[in-house]
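File shown: structure_8.txt. Contents: compact mmCIF, N, CA and C atoms.
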```txt
# COMPACT_ATOMS: atom_id res chain seq x y z
N MET A 713 84.92 -148.58 -91.96
CA MET A 713 84.63 -149.97 -91.74
C MET A 713 83.67 -150.12 -90.56
N GLY A 714 83.99 -149.56 -89.40
CA GLY A 714 83.08 -149.68 -88.27
C GLY A 714 83.65 -150.56 -87.17
N ALA A 715 83.10 -150.40 -86.00
CA ALA A 715 83.54 -151.18 -84.84
C ALA A 715 83.01 -152.61 -84.92
N PRO A 716 83.75 -153.57 -84.34
CA PRO A 716 83.26 -154.95 -84.33
C PRO A 716 81.93 -155.04 -83.59
N GLY A 717 81.01 -155.83 -84.08
CA GLY A 717 79.71 -156.00 -83.43
C GLY A 717 78.68 -154.98 -83.85
N VAL A 718 79.08 -154.01 -84.65
CA VAL A 718 78.14 -152.99 -85.10
C VAL A 718 77.69 -153.36 -86.51
N ALA A 719 76.40 -153.42 -86.69
CA ALA A 719 75.85 -153.68 -88.02
C ALA A 719 75.17 -152.40 -88.48
N TRP A 720 75.50 -151.95 -89.64
CA TRP A 720 74.89 -150.71 -90.12
C TRP A 720 73.54 -151.03 -90.71
N LEU A 721 72.52 -150.62 -89.99
CA LEU A 721 71.15 -150.82 -90.42
C LEU A 721 70.61 -149.44 -90.75
N ALA A 722 70.40 -149.19 -92.02
CA ALA A 722 70.06 -147.84 -92.48
C ALA A 722 68.96 -147.23 -91.62
N PRO A 723 69.06 -146.01 -91.21
CA PRO A 723 70.16 -145.08 -91.49
C PRO A 723 71.17 -144.99 -90.37
N ALA A 724 71.07 -145.78 -89.30
CA ALA A 724 71.99 -145.67 -88.16
C ALA A 724 72.53 -147.04 -87.78
N ALA A 725 73.55 -146.99 -86.94
CA ALA A 725 74.16 -148.24 -86.49
C ALA A 725 73.22 -148.97 -85.55
N GLY A 726 73.17 -150.28 -85.65
CA GLY A 726 72.42 -151.12 -84.73
C GLY A 726 73.38 -152.17 -84.20
N TYR A 727 73.20 -152.60 -82.99
CA TYR A 727 74.10 -153.56 -82.38
C TYR A 727 73.49 -154.95 -82.40
N ARG A 728 74.33 -155.93 -82.63
CA ARG A 728 73.89 -157.32 -82.64
C ARG A 728 74.42 -158.03 -81.40
N CYS A 729 73.53 -158.82 -80.78
CA CYS A 729 73.99 -159.65 -79.67
C CYS A 729 74.59 -160.91 -80.26
N ARG A 730 75.11 -161.76 -79.40
CA ARG A 730 75.74 -162.98 -79.89
C ARG A 730 74.75 -163.94 -80.52
N HIS A 731 73.44 -163.70 -80.34
CA HIS A 731 72.41 -164.56 -80.92
C HIS A 731 71.92 -164.03 -82.26
N GLY A 732 72.45 -162.89 -82.68
CA GLY A 732 72.10 -162.33 -83.97
C GLY A 732 70.96 -161.33 -83.95
N HIS A 733 70.39 -161.06 -82.77
CA HIS A 733 69.32 -160.07 -82.70
C HIS A 733 69.93 -158.67 -82.73
N THR A 734 69.24 -157.76 -83.37
CA THR A 734 69.75 -156.40 -83.43
C THR A 734 68.98 -155.52 -82.45
N SER A 735 69.58 -154.40 -82.13
CA SER A 735 68.94 -153.46 -81.21
C SER A 735 67.73 -152.79 -81.87
N THR A 736 67.60 -152.95 -83.17
CA THR A 736 66.46 -152.35 -83.86
C THR A 736 65.32 -153.34 -84.08
N THR A 737 65.49 -154.58 -83.59
CA THR A 737 64.43 -155.59 -83.74
C THR A 737 63.26 -155.23 -82.83
N ARG A 738 62.07 -155.21 -83.38
CA ARG A 738 60.88 -154.91 -82.60
C ARG A 738 60.36 -156.18 -81.93
N PRO A 739 59.88 -156.06 -80.67
CA PRO A 739 59.34 -157.25 -80.00
C PRO A 739 58.01 -157.67 -80.61
N ASP A 740 57.65 -158.90 -80.35
CA ASP A 740 56.37 -159.44 -80.82
C ASP A 740 55.24 -158.57 -80.25
N PRO A 741 54.31 -158.11 -81.08
CA PRO A 741 53.25 -157.23 -80.59
C PRO A 741 52.33 -157.89 -79.55
N GLY A 742 52.23 -159.21 -79.55
CA GLY A 742 51.37 -159.89 -78.59
C GLY A 742 52.05 -160.15 -77.25
N ARG A 743 53.33 -159.83 -77.17
CA ARG A 743 54.10 -160.08 -75.95
C ARG A 743 53.71 -159.10 -74.85
N ILE A 744 53.56 -159.63 -73.63
CA ILE A 744 53.26 -158.78 -72.49
C ILE A 744 54.53 -158.02 -72.14
N PRO A 745 54.45 -156.70 -71.96
CA PRO A 745 55.67 -155.94 -71.67
C PRO A 745 56.23 -156.27 -70.28
N ASN A 746 57.54 -156.10 -70.15
CA ASN A 746 58.18 -156.34 -68.86
C ASN A 746 57.70 -155.32 -67.84
N THR A 747 57.63 -155.76 -66.58
CA THR A 747 57.34 -154.86 -65.47
C THR A 747 58.57 -154.85 -64.59
N TYR A 748 59.01 -153.67 -64.24
CA TYR A 748 60.19 -153.55 -63.41
C TYR A 748 59.77 -153.18 -62.00
N VAL A 749 60.38 -153.84 -61.03
CA VAL A 749 60.09 -153.62 -59.62
C VAL A 749 61.37 -153.10 -58.98
N ARG A 750 61.24 -152.06 -58.18
CA ARG A 750 62.41 -151.51 -57.53
C ARG A 750 63.01 -152.51 -56.55
N GLU A 751 64.33 -152.59 -56.56
CA GLU A 751 65.04 -153.52 -55.71
C GLU A 751 64.72 -153.30 -54.23
N ASP A 752 64.61 -152.04 -53.81
CA ASP A 752 64.35 -151.77 -52.39
C ASP A 752 62.94 -152.19 -51.97
N HIS A 753 62.06 -152.47 -52.93
CA HIS A 753 60.74 -153.00 -52.60
C HIS A 753 60.76 -154.52 -52.44
N VAL A 754 61.70 -155.18 -53.10
CA VAL A 754 61.76 -156.64 -53.10
C VAL A 754 62.68 -157.18 -52.00
N LEU A 755 63.84 -156.58 -51.81
CA LEU A 755 64.85 -157.12 -50.89
C LEU A 755 64.33 -157.43 -49.48
N PRO A 756 63.54 -156.57 -48.85
CA PRO A 756 63.09 -156.89 -47.49
C PRO A 756 62.24 -158.16 -47.40
N HIS A 757 61.66 -158.60 -48.50
CA HIS A 757 60.76 -159.75 -48.50
C HIS A 757 61.47 -161.07 -48.83
N LEU A 758 62.69 -161.00 -49.35
CA LEU A 758 63.38 -162.21 -49.77
C LEU A 758 63.73 -163.16 -48.62
N PRO A 759 64.13 -162.68 -47.43
CA PRO A 759 64.38 -163.63 -46.34
C PRO A 759 63.15 -164.47 -45.99
N ALA A 760 61.98 -163.84 -45.98
CA ALA A 760 60.75 -164.60 -45.69
C ALA A 760 60.48 -165.62 -46.78
N LEU A 761 60.73 -165.26 -48.03
CA LEU A 761 60.55 -166.21 -49.13
C LEU A 761 61.51 -167.38 -48.98
N ARG A 762 62.76 -167.09 -48.60
CA ARG A 762 63.72 -168.19 -48.41
C ARG A 762 63.26 -169.13 -47.31
N LEU A 763 62.74 -168.59 -46.23
CA LEU A 763 62.23 -169.45 -45.16
C LEU A 763 61.10 -170.34 -45.67
N ARG A 764 60.22 -169.78 -46.47
CA ARG A 764 59.11 -170.57 -47.01
C ARG A 764 59.61 -171.64 -47.97
N LEU A 765 60.64 -171.30 -48.76
CA LEU A 765 61.17 -172.26 -49.73
C LEU A 765 61.94 -173.39 -49.06
N THR A 766 62.56 -173.12 -47.92
CA THR A 766 63.41 -174.13 -47.29
C THR A 766 62.75 -174.81 -46.10
N SER A 767 61.56 -174.37 -45.70
CA SER A 767 60.90 -175.00 -44.56
C SER A 767 60.38 -176.37 -44.96
N ARG A 768 60.35 -177.25 -43.98
CA ARG A 768 59.83 -178.60 -44.20
C ARG A 768 58.65 -178.80 -43.28
N LEU A 769 57.56 -179.20 -43.84
CA LEU A 769 56.39 -179.47 -43.01
C LEU A 769 56.62 -180.73 -42.19
N ASP A 770 56.16 -180.69 -40.95
CA ASP A 770 56.23 -181.87 -40.10
C ASP A 770 55.23 -182.91 -40.60
N PRO A 771 55.23 -184.10 -40.04
CA PRO A 771 54.31 -185.13 -40.49
C PRO A 771 52.86 -184.65 -40.50
N PRO A 772 52.01 -185.22 -41.36
CA PRO A 772 50.61 -184.80 -41.44
C PRO A 772 49.95 -184.81 -40.06
N GLY A 773 49.12 -183.81 -39.82
CA GLY A 773 48.43 -183.70 -38.54
C GLY A 773 49.17 -182.83 -37.56
N SER A 774 50.42 -182.50 -37.83
CA SER A 774 51.20 -181.65 -36.94
C SER A 774 51.04 -180.21 -37.39
N ALA A 775 50.87 -179.31 -36.45
CA ALA A 775 50.66 -177.90 -36.78
C ALA A 775 51.96 -177.12 -36.84
N SER A 776 53.06 -177.70 -36.38
CA SER A 776 54.31 -176.95 -36.34
C SER A 776 55.08 -177.10 -37.64
N VAL A 777 55.84 -176.07 -37.94
CA VAL A 777 56.69 -176.06 -39.12
C VAL A 777 58.10 -175.80 -38.65
N SER A 778 59.06 -176.64 -39.06
CA SER A 778 60.44 -176.42 -38.65
C SER A 778 61.04 -175.30 -39.49
N ARG A 779 61.69 -174.35 -38.84
CA ARG A 779 62.29 -173.20 -39.51
C ARG A 779 63.76 -173.10 -39.13
N ASP A 780 64.52 -172.38 -39.93
CA ASP A 780 65.90 -172.09 -39.56
C ASP A 780 65.89 -171.29 -38.27
N ALA A 781 66.89 -171.49 -37.43
CA ALA A 781 66.93 -170.82 -36.13
C ALA A 781 67.12 -169.31 -36.29
N VAL A 782 67.82 -168.90 -37.33
CA VAL A 782 68.13 -167.49 -37.52
C VAL A 782 67.50 -167.01 -38.82
N GLN A 783 66.93 -165.81 -38.77
CA GLN A 783 66.34 -165.20 -39.98
C GLN A 783 67.47 -164.97 -40.99
N PRO A 784 67.33 -165.45 -42.23
CA PRO A 784 68.38 -165.23 -43.22
C PRO A 784 68.43 -163.76 -43.64
N THR A 785 69.58 -163.37 -44.12
CA THR A 785 69.75 -162.02 -44.64
C THR A 785 69.29 -161.99 -46.09
N PRO A 786 69.04 -160.80 -46.64
CA PRO A 786 68.71 -160.73 -48.07
C PRO A 786 69.80 -161.35 -48.95
N ALA A 787 71.07 -161.16 -48.56
CA ALA A 787 72.18 -161.74 -49.35
C ALA A 787 72.11 -163.26 -49.33
N GLN A 788 71.79 -163.86 -48.18
CA GLN A 788 71.67 -165.32 -48.11
C GLN A 788 70.48 -165.80 -48.94
N ALA A 789 69.41 -165.03 -48.92
CA ALA A 789 68.24 -165.40 -49.72
C ALA A 789 68.57 -165.36 -51.21
N ILE A 790 69.28 -164.32 -51.62
CA ILE A 790 69.67 -164.21 -53.04
C ILE A 790 70.60 -165.36 -53.43
N ALA A 791 71.55 -165.68 -52.55
CA ALA A 791 72.46 -166.80 -52.82
C ALA A 791 71.69 -168.10 -52.98
N HIS A 792 70.67 -168.30 -52.15
CA HIS A 792 69.85 -169.52 -52.25
C HIS A 792 69.09 -169.55 -53.58
N LEU A 793 68.47 -168.44 -53.94
CA LEU A 793 67.73 -168.37 -55.21
C LEU A 793 68.65 -168.68 -56.38
N ARG A 794 69.85 -168.13 -56.36
CA ARG A 794 70.80 -168.37 -57.45
C ARG A 794 71.27 -169.82 -57.48
N SER A 795 71.62 -170.36 -56.30
CA SER A 795 72.16 -171.73 -56.27
C SER A 795 71.11 -172.75 -56.70
N GLU A 796 69.85 -172.49 -56.38
CA GLU A 796 68.78 -173.41 -56.77
C GLU A 796 68.17 -173.06 -58.13
N GLU A 797 68.69 -171.99 -58.75
CA GLU A 797 68.20 -171.51 -60.05
C GLU A 797 66.70 -171.26 -60.02
N ILE A 798 66.25 -170.58 -58.96
CA ILE A 798 64.84 -170.25 -58.80
C ILE A 798 64.57 -168.91 -59.46
N ILE A 799 63.56 -168.88 -60.29
CA ILE A 799 63.16 -167.66 -60.99
C ILE A 799 61.93 -167.11 -60.29
N LEU A 800 61.93 -165.80 -60.06
CA LEU A 800 60.78 -165.13 -59.46
C LEU A 800 60.02 -164.38 -60.54
N THR A 801 58.71 -164.50 -60.50
CA THR A 801 57.85 -163.79 -61.44
C THR A 801 56.97 -162.84 -60.66
N TYR A 802 56.92 -161.59 -61.12
CA TYR A 802 56.14 -160.56 -60.44
C TYR A 802 54.80 -160.38 -61.14
N ALA A 803 53.73 -160.38 -60.36
CA ALA A 803 52.38 -160.10 -60.88
C ALA A 803 51.99 -158.71 -60.40
N PRO A 804 52.00 -157.71 -61.28
CA PRO A 804 51.76 -156.33 -60.85
C PRO A 804 50.36 -156.10 -60.27
N ALA A 805 49.35 -156.75 -60.79
CA ALA A 805 47.99 -156.53 -60.29
C ALA A 805 47.84 -157.01 -58.85
N ALA A 806 48.43 -158.18 -58.55
CA ALA A 806 48.34 -158.74 -57.20
C ALA A 806 49.50 -158.30 -56.33
N ARG A 807 50.53 -157.69 -56.93
CA ARG A 807 51.75 -157.27 -56.23
C ARG A 807 52.40 -158.45 -55.51
N THR A 808 52.55 -159.57 -56.23
CA THR A 808 53.13 -160.77 -55.64
C THR A 808 54.34 -161.24 -56.45
N LEU A 809 55.27 -161.88 -55.75
CA LEU A 809 56.38 -162.58 -56.37
C LEU A 809 56.11 -164.06 -56.21
N THR A 810 56.22 -164.82 -57.29
CA THR A 810 55.99 -166.26 -57.25
C THR A 810 57.25 -166.97 -57.71
N ALA A 811 57.67 -167.97 -56.95
CA ALA A 811 58.84 -168.77 -57.30
C ALA A 811 58.44 -169.89 -58.24
N ASN A 812 59.32 -170.21 -59.18
CA ASN A 812 59.03 -171.30 -60.13
C ASN A 812 59.42 -172.65 -59.54
N THR A 813 58.88 -172.96 -58.39
CA THR A 813 59.11 -174.23 -57.70
C THR A 813 57.84 -175.06 -57.77
N PRO A 814 57.91 -176.35 -57.47
CA PRO A 814 56.69 -177.16 -57.50
C PRO A 814 55.59 -176.62 -56.58
N GLN A 815 55.97 -176.02 -55.45
CA GLN A 815 54.98 -175.48 -54.53
C GLN A 815 54.51 -174.08 -54.96
N ALA A 816 55.20 -173.46 -55.91
CA ALA A 816 54.89 -172.10 -56.40
C ALA A 816 54.70 -171.14 -55.22
N GLU A 817 55.70 -171.11 -54.33
CA GLU A 817 55.65 -170.21 -53.17
C GLU A 817 55.47 -168.78 -53.66
N GLU A 818 54.69 -168.03 -52.90
CA GLU A 818 54.32 -166.67 -53.31
C GLU A 818 54.39 -165.75 -52.11
N ILE A 819 54.92 -164.53 -52.34
CA ILE A 819 54.92 -163.52 -51.30
C ILE A 819 54.37 -162.22 -51.87
N THR A 820 53.77 -161.43 -51.01
CA THR A 820 53.22 -160.14 -51.42
C THR A 820 54.25 -159.05 -51.18
N ILE A 821 54.41 -158.19 -52.16
CA ILE A 821 55.31 -157.05 -52.05
C ILE A 821 54.45 -155.84 -51.74
N SER A 822 54.71 -155.24 -50.58
CA SER A 822 53.89 -154.07 -50.20
C SER A 822 54.47 -152.78 -50.67
```
Before anything else, please render the file you have as structure tokens.
Amino acid sequence: MGAPGVAWLAPAAGYRCRHGHTSTTRPDPGRIPNTYVREDHVLPHLPALRLRLTSRLDPPGSASVSRDAVQPTPAQAIAHLRSEEIILTYAPAARTLTANTPQAEEITIS
């Protein structure tokens, strides 16, 4: 009979997700492939991104920017991204992370 969730797609078993896609489904040929970035390359930059996302510009004509008194930790930055449902997109050619916010804040990953 087979295990639950396993669909036998000749000649081997294929797995279906809850949306009905199988593990043997080929992606759209025009789709840009995913790029993976190592976590240890991104984490050191997230506190700076959080500061940029949460900073408020002073009235027009003022050169100062109000910032949090303490530099956030990577864990605090991640918590902020999750709570605000902010998605980061990596551009491999420019080596930048861009937030899907109205300001489209961007940081460079070195």
Handout entry: For A:Glu818, the nearest of the candidates A:Leu761, A:Val782, A:Val754, A:Ile799, counting only C-alpha atoms
Key =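 Ranked by minimum distance to A:Glu818, first place goes to A:Leu761.
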Exercise for the section: Please indicate the distance in Å from atom CA of A:Ile790 to atom CA of A:Thr810, rounded to one decimal place. Expected result: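 Taking atom CA of A:Ile790 and atom CA of A:Thr810, their separation equals 14.5 Å.
Around A:Ala805, within 12 Å and counting only C-alpha atoms, the residues found are Thr747, Tyr802, Ala803, Arg807, Thr808, Leu809, Thr820, Ile821 and Ser822 of chain A, once anything fewer than 2 positions away on its own chain is removed.
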Problem - For atom CA of A:His753 and atom C of A:Ser767, the interatomic separation in Å (one decimal) - result: 24.6 Å
Practice task
Would you work out the distance separating atom C of A:Leu755 from atom CA of A:His792, expressed in Å to one decimal?
Solution key: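 Rounded to one decimal, the two atoms are 13.6 Å apart.
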Practice task
With a distance cut-off of 9 Å and only C-alpha atoms, select the neighbouring residues of A:Ala760, excluding the residue or stretch itself and same-chain residues fewer than 5 positions from it, and output the selection as a list in words.
Solution key: Leu765, Gln783, Pro784, Ala789 and Ile819 of chain A
Practice task
If you run DSSP over the backbone, which residues in stretch 738-820 of chain A end up strand (DSSP E)? Put them as a list in words.
Solution key: Arg768, Leu769, Val777, Ser778, Leu800, Thr801, Tyr802, Ala803, Thr808, Leu809, Thr810, Ala811, Glu818, Ile819 and Thr820 of chain A
Practice task
Give the answer as one residue: which of A:Gly742, A:Arg762, A:Glu751, A:Ala816 has the shortest atom-to-atom distance to A:Leu793, using all atoms listed in the file?
Solution key: A:Arg762
